[in-house]
Structures are given as structure tokens and as C-alpha cells.
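Everything below belongs to entry-v7.txt, which stores compact mmCIF, C-alpha atoms.
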```txt
# COMPACT_ATOMS: atom_id res chain seq x y z
CA MET A 1 -23.27 -2.99 6.03
CA GLY A 2 -19.51 -3.09 5.87
CA ASP A 3 -17.20 -3.56 2.90
CA PRO A 4 -17.00 -6.96 1.23
CA MET A 5 -14.69 -9.60 2.70
CA LYS A 6 -12.21 -11.53 0.65
CA ILE A 7 -12.61 -15.28 1.21
CA LYS A 8 -10.59 -18.13 -0.24
CA ALA A 9 -11.49 -21.74 0.49
CA THR A 10 -9.30 -24.56 -0.78
CA LEU A 11 -9.63 -28.29 -0.33
CA GLN A 12 -6.61 -30.50 0.22
CA ASP A 13 -6.57 -34.11 1.46
CA GLY A 14 -10.08 -33.88 2.84
CA VAL A 15 -9.36 -30.69 4.79
CA THR A 16 -10.74 -27.32 3.71
CA GLU A 17 -8.60 -24.29 4.48
CA VAL A 18 -10.49 -21.01 4.66
CA LYS A 19 -8.64 -17.67 4.53
CA ILE A 20 -10.61 -14.53 5.26
CA LEU A 21 -9.68 -10.88 4.98
CA MET A 22 -12.15 -8.48 6.60
CA ARG A 23 -12.23 -4.73 6.13
CA HIS A 24 -12.87 -3.07 9.46
CA PRO A 25 -11.32 -0.13 11.39
CA MET A 26 -11.19 -2.18 14.64
CA GLU A 27 -11.00 0.95 16.77
CA THR A 28 -10.00 0.15 20.34
CA GLY A 29 -11.59 3.21 21.91
CA LEU A 30 -8.19 4.20 23.33
CA ARG A 31 -6.89 6.10 20.32
CA LYS A 32 -7.07 9.87 19.98
CA ASP A 33 -7.67 11.75 16.76
CA GLU A 34 -5.84 14.88 15.53
CA SER A 35 -7.86 17.13 17.82
CA GLY A 36 -7.12 15.00 20.88
CA ALA A 37 -10.61 13.55 21.15
CA LEU A 38 -10.99 9.83 21.81
CA VAL A 39 -12.00 7.81 18.76
CA PRO A 40 -14.97 5.71 19.91
CA ALA A 41 -14.50 1.96 20.10
CA TRP A 42 -15.77 0.12 17.03
CA PHE A 43 -14.71 -3.42 16.46
CA ILE A 44 -15.89 -6.82 15.28
CA THR A 45 -17.23 -8.84 18.18
CA GLU A 46 -18.25 -12.11 16.55
CA VAL A 47 -17.24 -14.06 13.48
CA SER A 48 -18.84 -17.25 12.30
CA ALA A 49 -18.40 -19.56 9.33
CA ILE A 50 -21.02 -21.95 8.02
CA HIS A 51 -20.55 -24.89 5.67
CA GLY A 52 -23.88 -26.37 4.58
CA ASP A 53 -25.92 -26.40 7.79
CA ARG A 54 -22.90 -26.85 10.03
CA VAL A 55 -21.21 -24.04 11.92
CA VAL A 56 -17.51 -24.74 11.37
CA LEU A 57 -16.14 -21.73 13.23
CA ARG A 58 -17.41 -19.36 15.85
CA ALA A 59 -15.01 -16.74 17.16
CA GLN A 60 -15.18 -13.80 19.54
CA PHE A 61 -13.07 -10.84 18.50
CA GLY A 62 -11.92 -7.96 20.65
CA THR A 63 -9.78 -4.87 20.46
CA SER A 64 -6.49 -6.74 20.37
CA VAL A 65 -7.18 -7.83 16.80
CA SER A 66 -5.64 -5.58 14.17
CA ARG A 67 -7.37 -3.31 11.73
CA ASN A 68 -8.49 -5.17 8.57
CA PRO A 69 -8.26 -8.56 10.29
CA TYR A 70 -7.00 -11.70 8.66
CA LEU A 71 -8.27 -15.07 9.85
CA ALA A 72 -7.35 -18.52 8.59
CA PHE A 73 -8.77 -21.83 9.78
CA ARG A 74 -9.24 -25.41 8.60
CA PHE A 75 -12.08 -27.86 8.92
CA LYS A 76 -12.50 -31.48 7.93
CA GLY A 77 -14.76 -32.20 5.01
CA GLY A 78 -16.18 -30.06 2.26
CA GLN A 79 -16.46 -30.77 -1.45
CA PRO A 80 -15.31 -28.65 -4.39
CA GLY A 81 -18.07 -26.17 -5.22
CA ASP A 82 -19.59 -26.19 -1.71
CA ARG A 83 -20.31 -22.72 -0.32
CA VAL A 84 -18.68 -21.44 2.83
CA THR A 85 -20.48 -18.46 4.34
CA VAL A 86 -18.64 -16.12 6.71
CA SER A 87 -20.41 -13.49 8.79
CA TRP A 88 -19.36 -10.90 11.31
CA VAL A 89 -21.13 -8.63 13.75
CA ASP A 90 -19.50 -5.52 15.19
CA SER A 91 -19.91 -3.48 18.35
CA LYS A 92 -22.31 -1.09 16.60
CA GLY A 93 -24.54 -3.98 15.57
CA ASP A 94 -23.44 -3.66 11.95
CA ARG A 95 -23.10 -7.00 10.18
CA ARG A 96 -21.68 -8.38 6.98
CA SER A 97 -21.95 -11.77 5.32
CA ASP A 98 -20.03 -13.07 2.30
CA GLU A 99 -19.53 -16.47 0.78
CA ALA A 100 -17.08 -18.34 -1.39
CA ALA A 101 -17.06 -21.66 -3.20
CA ILE A 102 -14.52 -24.29 -2.17
CA GLY A 103 -11.95 -24.56 -4.94
CA MET B 1 -6.11 -24.06 14.34
CA ALA B 2 -6.89 -20.40 13.75
CA ASP B 3 -4.37 -17.65 13.12
CA VAL B 4 -5.19 -14.02 13.73
CA ARG B 5 -2.85 -11.21 12.86
CA GLY B 6 -2.61 -9.54 16.21
CA ALA B 7 -0.95 -6.15 15.87
CA PRO B 8 -3.26 -3.88 17.84
CA SER B 9 -4.63 -1.00 15.85
CA THR B 10 -3.34 1.39 18.48
CA ALA B 11 -0.03 1.11 16.62
CA ALA B 12 -1.35 3.77 14.31
CA GLN B 13 -1.88 6.14 17.19
CA PRO B 14 -1.35 9.73 16.12
CA GLY B 15 1.03 12.03 17.92
CA ALA B 16 -0.02 14.48 20.56
CA PRO B 17 -2.07 17.40 19.25
CA GLY B 18 -0.21 20.59 18.55
CA LYS B 19 3.12 18.81 18.27
CA LYS B 20 4.59 19.48 14.87
CA ALA B 21 7.37 17.43 13.36
CA LEU B 22 8.44 20.08 10.89
CA PRO B 23 8.70 23.85 10.97
CA ALA B 24 5.84 25.17 8.85
CA THR B 25 8.26 26.98 6.57
CA LEU B 26 9.53 23.70 5.17
CA THR B 27 6.28 22.63 3.60
CA THR B 28 5.35 24.44 0.42
CA ARG B 29 1.66 23.69 0.64
CA ALA B 30 -0.82 22.14 3.01
CA ARG B 31 -0.27 18.43 3.51
CA PRO B 32 -3.04 16.26 2.15
CA ILE B 33 -2.31 13.63 4.76
CA ALA B 34 -2.67 14.12 8.45
CA LEU B 35 0.63 14.82 10.14
CA ALA B 36 -0.78 12.84 13.02
CA TRP B 37 0.99 9.49 13.03
CA ALA B 38 3.97 10.98 11.33
CA CYS B 39 5.03 13.04 14.36
CA ALA B 40 5.90 10.14 16.57
CA ALA B 41 7.18 8.02 13.71
CA VAL B 42 9.57 10.58 12.31
CA ILE B 43 11.19 11.28 15.65
CA LEU B 44 11.74 7.59 16.33
CA LEU B 45 12.94 7.06 12.82
CA TRP B 46 15.51 9.79 12.95
CA SER B 47 16.85 9.06 16.35
CA GLY B 48 17.03 5.42 15.36
CA LEU B 49 18.94 6.06 12.16
CA ASP B 50 22.43 6.54 13.54
CA LEU B 51 22.05 3.70 16.00
CA ALA B 52 20.77 1.24 13.44
CA VAL B 53 23.37 2.09 10.83
CA ALA B 54 26.11 1.99 13.42
CA ALA B 55 24.87 -1.33 14.77
CA GLY B 56 24.66 -2.81 11.29
CA GLY B 57 27.59 -5.13 11.88
CA ALA B 58 26.57 -6.28 15.38
CA ALA B 59 27.05 -9.75 16.88
CA ALA B 60 24.83 -12.21 15.00
CA PRO B 61 23.58 -10.56 11.81
CA ASP B 62 22.44 -13.90 10.35
CA ALA B 63 20.13 -14.63 13.26
CA ILE B 64 18.70 -11.10 13.10
CA ASP B 65 18.19 -11.33 9.34
CA ALA B 66 16.49 -14.72 9.72
CA ALA B 67 14.15 -13.36 12.39
CA ILE B 68 13.28 -10.35 10.25
CA ALA B 69 12.69 -12.63 7.26
CA ARG B 70 10.36 -14.77 9.37
CA TYR B 71 8.47 -11.69 10.51
CA HIS B 72 7.99 -10.65 6.87
CA GLU B 73 6.81 -14.15 5.99
CA MET B 74 4.19 -13.97 8.72
CA LEU B 75 3.00 -10.61 7.43
CA ASP B 76 2.85 -11.83 3.83
CA GLU B 77 -0.06 -14.17 4.32
CA GLY B 78 -3.38 -12.40 4.27
CA ASN B 79 -2.24 -9.08 2.87
CA PRO B 80 -5.12 -6.59 3.26
CA ALA B 81 -3.91 -4.94 0.03
CA GLU B 82 -6.14 -7.54 -1.60
CA LEU B 83 -9.15 -5.68 -0.20
CA ASP B 84 -7.91 -2.53 -1.90
CA GLU B 85 -7.36 -4.44 -5.14
CA GLN B 86 -10.94 -5.64 -4.89
CA ARG B 87 -12.20 -2.10 -4.30
CA GLY B 88 -10.03 -0.72 -7.12
CA GLU B 89 -11.42 -3.25 -9.57
CA GLN B 90 -14.94 -2.15 -8.64
CA LEU B 91 -14.01 1.50 -9.20
CA TRP B 92 -12.36 0.63 -12.51
CA LYS B 93 -15.48 -1.09 -13.81
CA THR B 94 -18.11 1.30 -12.45
CA ALA B 95 -19.32 4.23 -14.54
CA ALA B 96 -18.60 7.52 -12.79
CA GLY B 97 -17.95 11.23 -13.30
CA PRO B 98 -19.81 13.77 -15.45
CA ALA B 99 -19.16 11.58 -18.53
CA HIS B 100 -20.68 8.58 -16.74
CA ALA B 101 -17.97 6.31 -18.13
CA THR B 102 -15.92 3.45 -16.71
CA LEU B 103 -12.13 3.32 -16.87
CA GLU B 104 -12.22 0.19 -18.99
CA ARG B 105 -11.01 2.15 -22.04
CA CYS B 106 -8.09 3.63 -20.12
CA ASP B 107 -4.79 3.22 -21.99
CA LEU B 108 -2.03 2.36 -19.53
CA GLY B 109 0.52 1.87 -22.29
CA ARG B 110 -0.47 -1.53 -23.63
CA GLY B 111 -3.54 -0.27 -25.47
CA PRO B 112 -6.98 0.88 -24.28
CA GLY B 113 -8.38 -1.40 -21.61
CA VAL B 114 -5.26 -3.57 -21.18
CA VAL B 115 -4.46 -3.75 -17.48
CA LYS B 116 -2.53 -7.02 -17.37
CA GLY B 117 1.19 -6.38 -17.20
CA ALA B 118 0.81 -2.61 -17.60
CA TYR B 119 2.37 -1.69 -14.25
CA ALA B 120 5.57 -3.60 -15.04
CA GLU B 121 6.13 -1.26 -18.00
CA LEU B 122 5.55 2.04 -16.24
CA PRO B 123 6.64 4.84 -16.27
CA ARG B 124 6.72 5.26 -20.03
CA LEU B 125 6.20 7.89 -22.72
CA PHE B 126 2.57 8.37 -23.80
CA ALA B 127 2.04 9.76 -27.28
CA ASP B 128 -1.33 11.39 -26.50
CA THR B 129 -0.01 13.54 -23.65
CA GLY B 130 3.58 13.79 -24.90
CA ARG B 131 4.75 13.08 -21.33
CA VAL B 132 6.52 10.33 -19.51
CA GLN B 133 3.92 9.16 -16.98
CA ASP B 134 3.86 6.83 -14.02
CA LEU B 135 0.73 4.89 -13.10
CA GLU B 136 -0.76 7.61 -10.93
CA SER B 137 -0.28 10.47 -13.40
CA ARG B 138 -1.74 8.20 -16.09
CA LEU B 139 -4.76 7.46 -13.89
CA ILE B 140 -5.23 11.22 -13.56
CA THR B 141 -5.26 11.43 -17.37
CA CYS B 142 -7.89 8.68 -17.60
CA LEU B 143 -10.06 10.04 -14.79
CA THR B 144 -10.09 13.50 -16.42
CA THR B 145 -10.41 12.49 -20.08
CA LEU B 146 -12.67 9.42 -19.82
CA GLN B 147 -14.81 10.28 -16.82
CA GLY B 148 -14.61 14.05 -17.16
CA ILE B 149 -13.70 14.66 -13.53
CA PRO B 150 -11.84 17.99 -13.11
CA GLU B 151 -8.14 17.47 -12.39
CA SER B 152 -8.30 19.62 -9.26
CA GLU B 153 -10.86 17.20 -7.87
CA VAL B 154 -8.88 14.11 -8.88
CA VAL B 155 -5.68 15.23 -7.16
CA ALA B 156 -7.36 16.85 -4.14
CA LYS B 157 -6.92 13.78 -1.89
CA PRO B 158 -4.42 11.44 -3.51
CA PHE B 159 -3.44 9.66 -0.28
CA SER B 160 -5.71 7.76 2.11
CA THR B 161 -6.18 8.90 5.68
CA ASP B 162 -7.87 7.23 8.64
CA SER B 163 -11.13 8.93 7.81
CA ALA B 164 -11.06 9.08 4.00
CA ARG B 165 -9.86 6.46 1.57
CA SER B 166 -8.31 7.59 -1.70
CA ASP B 167 -9.88 6.22 -4.87
CA ILE B 168 -6.62 6.63 -6.78
CA GLU B 169 -4.78 4.44 -4.28
CA ALA B 170 -7.40 1.70 -4.70
CA LEU B 171 -7.06 1.94 -8.50
CA VAL B 172 -3.28 1.69 -8.06
CA ALA B 173 -3.78 -1.47 -5.99
CA TYR B 174 -5.93 -3.05 -8.69
CA VAL B 175 -3.66 -2.14 -11.62
CA ALA B 176 -0.44 -3.12 -9.83
CA GLY B 177 -1.99 -6.43 -8.75
CA GLN B 178 -2.64 -7.23 -12.41
CA SER B 179 1.13 -7.27 -13.00
CA ARG B 180 1.90 -9.80 -10.26
CA GLY B 181 4.46 -12.26 -11.60
CA VAL B 182 5.23 -10.15 -14.68
CA THR B 183 8.85 -9.26 -15.47
CA MET B 184 9.72 -5.58 -15.02
CA GLN B 185 10.35 -4.03 -18.43
CA VAL B 186 10.31 -0.27 -18.13
CA PRO B 187 11.11 1.18 -21.58
CA LEU B 188 14.10 3.47 -22.00
CA HIS B 189 13.87 3.82 -25.78
CA ASP B 190 12.61 7.32 -26.39
CA ALA B 191 14.72 10.41 -25.69
CA LYS B 192 12.08 11.63 -23.21
CA GLU B 193 12.24 8.37 -21.29
CA LYS B 194 16.01 8.57 -21.12
CA GLU B 195 15.73 12.20 -20.07
CA ALA B 196 13.35 11.28 -17.25
CA TYR B 197 15.73 8.55 -16.07
CA ALA B 198 18.69 10.95 -16.10
CA LEU B 199 16.70 13.59 -14.20
CA GLY B 200 15.62 10.96 -11.68
CA GLU B 201 19.21 9.90 -11.18
CA ARG B 202 20.25 13.51 -10.55
CA LEU B 203 17.41 14.02 -8.08
CA PHE B 204 18.34 10.79 -6.31
CA PHE B 205 21.86 12.04 -5.60
CA TYR B 206 20.94 15.70 -5.15
CA ARG B 207 21.76 16.90 -1.65
CA ALA B 208 19.65 19.68 -0.19
CA GLY B 209 17.50 20.79 2.70
CA PRO B 210 18.41 21.69 6.27
CA TYR B 211 20.14 18.32 6.77
CA ASP B 212 21.99 18.37 3.45
CA PHE B 213 20.26 15.08 2.65
CA SER B 214 19.67 13.19 -0.55
CA CYS B 215 17.81 9.96 -1.34
CA ALA B 216 21.28 8.47 -1.70
CA SER B 217 22.14 9.33 1.93
CA CYS B 218 20.01 6.37 3.04
CA HIS B 219 19.65 4.37 -0.15
CA SER B 220 23.09 4.02 -1.73
CA SER B 221 24.86 1.73 0.72
CA SER B 222 24.17 -1.97 1.18
CA GLY B 223 23.36 -3.82 4.40
CA SER B 224 22.04 -0.85 6.39
CA ARG B 225 18.85 -0.72 8.40
CA ILE B 226 16.63 1.73 10.23
CA ARG B 227 15.57 -0.27 13.27
CA LEU B 228 14.21 -3.48 11.72
CA GLN B 229 13.67 -2.09 8.23
CA ASP B 230 16.26 -2.86 5.61
CA LEU B 231 17.36 0.20 3.68
CA PRO B 232 17.48 -1.00 0.08
CA ASN B 233 20.42 0.19 -1.96
CA LEU B 234 18.43 1.68 -4.82
CA ALA B 235 21.53 2.52 -6.82
CA THR B 236 22.14 -1.20 -7.41
CA THR B 237 20.06 -3.50 -9.60
CA ALA B 238 19.45 -6.03 -6.81
CA GLY B 239 18.41 -3.34 -4.31
CA ALA B 240 16.11 -1.52 -6.72
CA GLN B 241 14.58 -4.82 -7.82
CA ARG B 242 13.79 -5.95 -4.31
CA ALA B 243 12.38 -2.61 -3.23
CA TYR B 244 10.45 -1.53 -6.31
CA THR B 245 8.76 -4.89 -6.91
CA SER B 246 7.24 -4.79 -3.40
CA TRP B 247 5.54 -1.40 -3.85
CA PRO B 248 2.77 -0.24 -3.72
CA ALA B 249 2.07 -1.85 -0.37
CA TYR B 250 -0.20 -2.15 2.64
CA ARG B 251 1.35 -0.55 5.72
CA VAL B 252 0.39 -2.55 8.80
CA SER B 253 1.36 0.23 11.22
CA GLN B 254 -0.96 2.65 9.43
CA GLY B 255 -3.65 0.17 8.44
CA LEU B 256 -3.66 1.75 4.99
CA PHE B 257 -2.67 0.91 1.45
CA ARG B 258 0.11 3.15 0.12
CA SER B 259 1.09 4.02 -3.45
CA PHE B 260 4.57 4.72 -4.81
CA GLN B 261 3.81 8.45 -5.04
CA TRP B 262 3.04 8.31 -1.31
CA ARG B 263 6.36 6.52 -0.70
CA LEU B 264 8.28 9.28 -2.48
CA ASN B 265 6.23 12.00 -0.78
CA ASP B 266 7.08 10.55 2.62
CA CYS B 267 10.77 10.18 1.73
CA PHE B 268 10.79 13.89 0.88
CA ARG B 269 9.24 14.63 4.27
CA GLN B 270 11.82 12.52 6.05
CA GLN B 271 14.56 14.43 4.25
CA ARG B 272 12.95 17.71 5.40
CA PHE B 273 12.45 18.70 1.78
CA PRO B 274 9.51 20.80 0.62
CA GLU B 275 6.56 18.59 -0.22
CA PRO B 276 6.75 17.40 -3.83
CA VAL B 277 3.80 18.18 -6.07
CA TYR B 278 1.68 15.05 -6.57
CA ALA B 279 2.43 13.24 -9.85
CA SER B 280 4.84 15.98 -10.89
CA ASP B 281 7.59 15.42 -13.47
CA ALA B 282 10.14 15.32 -10.63
CA THR B 283 8.39 12.47 -8.79
CA ILE B 284 7.82 10.63 -12.08
CA ALA B 285 11.52 11.01 -12.94
CA LEU B 286 12.53 9.53 -9.57
CA THR B 287 10.06 6.69 -10.11
CA MET B 288 11.55 6.15 -13.57
CA PHE B 289 15.06 5.95 -12.12
CA ILE B 290 14.12 3.34 -9.52
CA ALA B 291 11.67 1.40 -11.75
CA ALA B 292 14.12 1.11 -14.65
CA ASN B 293 16.86 0.01 -12.24
CA ALA B 294 14.49 -2.81 -11.28
CA ASN B 295 14.14 -4.07 -14.86
CA GLY B 296 14.47 -7.82 -15.24
CA ALA B 297 12.93 -8.63 -11.87
CA ARG B 298 9.61 -10.38 -11.31
CA TYR B 299 7.01 -7.91 -10.05
CA ASN B 300 5.73 -9.09 -6.66
CA GLY B 301 3.42 -6.37 -5.45
CA PRO B 302 1.23 -5.15 -3.98
CA GLY B 303 3.37 -5.87 -0.94
CA ILE B 304 2.96 -5.57 2.79
CA LYS B 305 5.18 -3.50 5.06
CA ARG B 306 5.54 -3.23 8.80
```
So that I can check it, write out the structure of this file as C-alpha cells.
Amino acid sequence: MGDPMKIKATLQDGVTEVKILMRHPMETGLRKDESGALVPAWFITEVSAIHGDRVVLRAQFGTSVSRNPYLAFRFKGGQPGDRVTVSWVDSKGDRRSDEAAIG
Amino acid sequence: MADVRGAPSTAAQPGAPGKKALPATLTTRARPIALAWACAAVILLWSGLDLAVAAGGAAAPDAIDAAIARYHEMLDEGNPAELDEQRGEQLWKTAAGPAHATLERCDLGRGPGVVKGAYAELPRLFADTGRVQDLESRLITCLTTLQGIPESEVVAKPFSTDSARSDIEALVAYVAGQSRGVTMQVPLHDAKEKEAYALGERLFFYRAGPYDFSCASCHSSSGSRIRLQDLPNLATTAGAQRAYTSWPAYRVSQGLFRSFQWRLNDCFRQQRFPEPVYASDATIALTMFIAANANGARYNGPGIKR
């Protein structure tokens, strides 16, 4: 159960733009800590966004994505007040799901 | 259609173990933050200084400036500082400490509980403590008086590390974010406020340490850079306005949110000065000098830095 995401969804000319900030260490597994020991890999592997019963985005993340990732995407459709639900799963099997209303 | 900020998190890789950037005699007390990432960074930074300043007037400065501006624009969108603001707001509104109280009665200068616009008027003199205080020293006052947390505990870990996030820094993010768009109006009415400003000005120009450095060594000329980072001229209104209104900020290379006290602390380290005491009168005075120089500008923070 990670920290909450920050999601903004705005509708303009029939296109909904979704901006997502995720809190995650996104450890690559290549970094060493102060004592010289490798910090184990720990990163988001999958992100998905659902509008109504439609999956509007499915993404695979890897270690090249920065810590606290930012993701923006657009999809056609959506009405003001509709919920957009964003979920991620990480390499430890931890998951987080948050939603926002289209404004 | 999708944009992902792609700086790999290995950018925050700490230096090799056992490699110390500073002789131990230069630090007056144990550092609360890991020296780790600092080792590599400080060496690069210092070797880069002469080159960057010397190359300031190179071939096509306009093209370089435009490219740097574009890079900053790309960073601006999706600033993870918003996550810290979110966390700070939670902390602000959640009862905690032995007194089991929230911080919602905290007086940041505009009356108990008023957060909006408070950061744009700090530092200022507070009647109840009789001190000029910046945001962080004022948060210490609130955490100790309202929530009853011992001061030693509050200031034990003021700066976030990879493994432990600082609550004060999150509170700073929340409070500063509530001044976004507000005009900087740091008061210089009371004698103590003027005294703090004057002390800050002296500290800013005060040369000391093994390199005979002062803040002014880097921050009192215009148009200089360290590598791709502009060195703001904090002695001018325009320079102070641009710099101060973008702090506190999220540092992409560290993956952490950083407060203004952290900024000063790290500047002291880069000057090879002894570590300043957290939220001390000296650091507040320096903050006062830079913040008051920024008066009249629109506050833009929390910002995002490389």
C-alpha cells in the first residue's frame, strides 16, 4: 500500500487530459547505499487507467523511469464528474489505486 | 501520447563508501543528512565552478539560455513537490504528539490557523516568542507548543534522506504551496526585523573558511553559472526575486523535496563552513536578507530544480 497519487483530469474539446504523479522510490537495483551494499530493485511494473468500464491506458514501467514518476496522457471522451481510476503494481507486488473526477 | 519524466533514479547515486568530501574538523556536529550523494556532487561542482564562470561569455549564450529554459519548462510540469504538499496538508490536519492536537491553530503570522499567504510574509517578528522567525523555526514553535513534542525530537531529523522523510519538510511544502501566486511582502517594520536583515546582509558578504569564501563569492555577480545552473545574483532585487520565489523545491537529482533551511545548510557545506545550527538566528537572518530582497515578486514555489 503505497502513498497516495496525485491525479488531475481535465476535459477540453472532447479530450480528457490526465496528469498523474506517483510516489515511488523506483530503485533500479544498481545503486549502492552508504555502506556499499546494493539497494534491491523496487519499481513500478504496471500502470493502468480506467474510465467507466474502459481501460484507457495500460503501461509497463521499468527502471529507466525516474523516482516519483510523472505520467500524462489524453483520451477521447469523458464527461465532467466522471471518475478516472489509476492503479499501479510494483515489483514487490505492492499496489495502489486512486481516482479523480474529471473537471 | 504519453510523457514520462525519464531521468533514471541512479542519478542520485551516492559516492563511494569511505570517501569523505570534507575533513572531519570542518563540521561542528554530526550531519543529519547522509554525506553520500554529496561527495560526488561537491567535487563536480567545485571543479566545474571556474570553468563555468570562465565560459560564461562563450559563443552563443542565447541558444544556451534558451535550451536551459526549455529544460526547466519540461521539469516544471508534474512537479513531485505536489506529493509533499499533499503529505504536509495531512500532517497539518492530523492530531499528533503528546497533546494530541493538530497544527490548525498554528499562528504563522497572519493569525492562528491562517496558512494562505503566510509564507510570502516570512520571516517576521513574532510577539509570543519575541524572535524573528522563518517558516521552519515557526513550525518548531507550533510543533512544541501545540502538539507538545520535545524540541530535541522536532529538530532531530530536519532534512529528508533516502530512507527517512522529514515531516517538517512536508509541512514546509504545504505551507509554501498555500502562498503560490501571492506577492512577497516580508515586513521590515520592527527594529528586530531590521536587525535580522542587517545581520543577514553581513553574513552574506562575510568571507571565511579555508577558501576565504562568502555567499557573495558566487551570488553577487550577474550572468554566471555552475555548469547548467544559473547562479542568481542575490544582492539584486531581480536575482533575489527569481531565486527566493522558487524555493523550497523538489530536487530531481536527489528525488527529494528540499526546504530553504536545507538550501542554506548546503551552501554552508559548499563554502567549507562549519555546519550551521538548524533554524538558528544566523540562518534566519540570511533568509530574512534574501526574502526581503525578493519583496514585490509573485511567489512561485514550491519549485523544481535539476
Using only C-alpha atoms, which protein or nucleic acid residues come within 7 Å of range 81-93 of chain A? Drop anything in the same chain fewer than 5 positions from it, and give the result as a PyMOL selection string. chain A and resi 42-51+98-103
Only residues of chain A matter here; which ones have an atom within 7 Å of chain B, counting all atoms listed in the file? Give them as a VMD selection string. chain A and resid 6 21 26 to 27 31 to 36 64 to 74
Counting all atoms listed in the file, the residue of B:Gln271, B:Gln229, B:Gln147, B:Ser259 that sits nearest Ser166 in chain B: B:Ser259
Residues within 8 Å of (17.1, 2.9, 4.1), file coords, all atoms listed in the file, listed as an mmCIF file with C-alpha atoms, in the frame of the given file:
```cif
data_model
loop_
_atom_site.group_PDB
_atom_site.id
_atom_site.type_symbol
_atom_site.label_atom_id
_atom_site.label_comp_id
_atom_site.auth_asym_id
_atom_site.auth_seq_id
_atom_site.Cartn_x
_atom_site.Cartn_y
_atom_site.Cartn_z
ATOM 1 C CA CYS B 218 20.010 6.370 3.040
ATOM 2 C CA HIS B 219 19.650 4.370 -0.150
ATOM 3 C CA SER B 224 22.040 -0.850 6.390
ATOM 4 C CA ARG B 225 18.850 -0.720 8.400
ATOM 5 C CA ILE B 226 16.630 1.730 10.230
ATOM 6 C CA GLN B 229 13.670 -2.090 8.230
ATOM 7 C CA ASP B 230 16.260 -2.860 5.610
ATOM 8 C CA LEU B 231 17.360 0.200 3.680
ATOM 9 C CA PRO B 232 17.480 -1.000 0.080
ATOM 10 C CA ASN B 233 20.420 0.190 -1.960
#
```
Write out as a tab-separated table (two decimals) with C-alpha atoms, in the frame of the given file which residues come within 12 Å of Glu85 in chain B when counting only C-alpha atoms, dropping same-chain ones fewer than 6 positions away.
```tsv
chain	number	residue	atom	x	y	z
A	4	PRO	CA	-17.00	-6.96	1.23
A	5	MET	CA	-14.69	-9.60	2.70
A	6	LYS	CA	-12.21	-11.53	0.65
B	79	ASN	CA	-2.24	-9.08	2.87
B	91	LEU	CA	-14.01	1.50	-9.20
B	92	TRP	CA	-12.36	0.63	-12.51
B	167	ASP	CA	-9.88	6.22	-4.87
B	168	ILE	CA	-6.62	6.63	-6.78
B	169	GLU	CA	-4.78	4.44	-4.28
B	170	ALA	CA	-7.40	1.70	-4.70
B	171	LEU	CA	-7.06	1.94	-8.50
B	172	VAL	CA	-3.28	1.69	-8.06
B	173	ALA	CA	-3.78	-1.47	-5.99
B	174	TYR	CA	-5.93	-3.05	-8.69
B	175	VAL	CA	-3.66	-2.14	-11.62
B	176	ALA	CA	-0.44	-3.12	-9.83
B	177	GLY	CA	-1.99	-6.43	-8.75
B	178	GLN	CA	-2.64	-7.23	-12.41
B	179	SER	CA	1.13	-7.27	-13.00
B	180	ARG	CA	1.90	-9.80	-10.26
B	248	PRO	CA	2.77	-0.24	-3.72
B	249	ALA	CA	2.07	-1.85	-0.37
B	250	TYR	CA	-0.20	-2.15	2.64
B	257	PHE	CA	-2.67	0.91	1.45
B	258	ARG	CA	0.11	3.15	0.12
B	301	GLY	CA	3.42	-6.37	-5.45
B	302	PRO	CA	1.23	-5.15	-3.98
B	303	GLY	CA	3.37	-5.87	-0.94
```
For CA of Val18 in chain A and CA of Glu73 in chain B, determine how far apart the two atoms are, in Å to one decimal place.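 The value is 18.7 Å.
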From CA of Asp212 in chain B to CA of Phe268 in chain B the spacing works out at 12.3 Å
With 8 Å added on each side, what axis-aligned box encloses every listed atom of range 267-275 of chain B? Give the centre and edge lengths in Å to one decimal, as lines of an AutoDock Vina configuration file.
```
center_x = 10.6
center_y = 15.5
center_z = 2.9
size_x = 24.0
size_y = 26.6
size_z = 22.3
```
Between A:Leu38, A:Gln79, A:Asp53, A:Leu30, which residue has the minimum interatomic distance to Ala9 in chain A, considering all atoms listed in the file?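 Using all atoms listed in the file, the shortest distance to Ala9 in chain A belongs to A:Gln79.
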Just the number, please: distance in Å from CA of Gly239 in chain B to CA of His189 in chain B, one decimal.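 About the pair CA of Gly239 in chain B and CA of His189 in chain B: they are 23.1 Å apart.
With all atoms listed in the file as the basis for measurement, A:Arg54 is the residue among A:Phe61, A:Asp3, A:Arg54, A:Arg23 that approaches Lys76 in chain A most closely.
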Long-range neighbours of Ser220 in chain B as a list of chain:residue names, 12 Å cut-off, only C-alpha atoms, 6 positions minimum in chain: B:Glu201, B:Phe204, B:Phe205, B:Ser214, B:Leu231, B:Pro232, B:Asn233, B:Leu234, B:Ala235, B:Thr236, B:Thr237, B:Ala238, B:Gly239, B:Ala240, B:Ile290
Selection near Lys192 in chain B, 9 Å with only C-alpha atoms, sequence-local residues under 5 positions removed, as a PyMOL selection string: chain B and resi 124-125+130-132+197
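The list of residues with at least one atom within 9 Å of Met288 in chain B, based on only C-alpha atoms and without residues fewer than 5 positions apart in the same chain, reads Leu122, Pro123, Arg124, Val132, Gln133, Asp134, Val186, Glu193, Ala196, Tyr197, Ala198, Gly200, Glu201, Thr283 and Asn293 of chain B.
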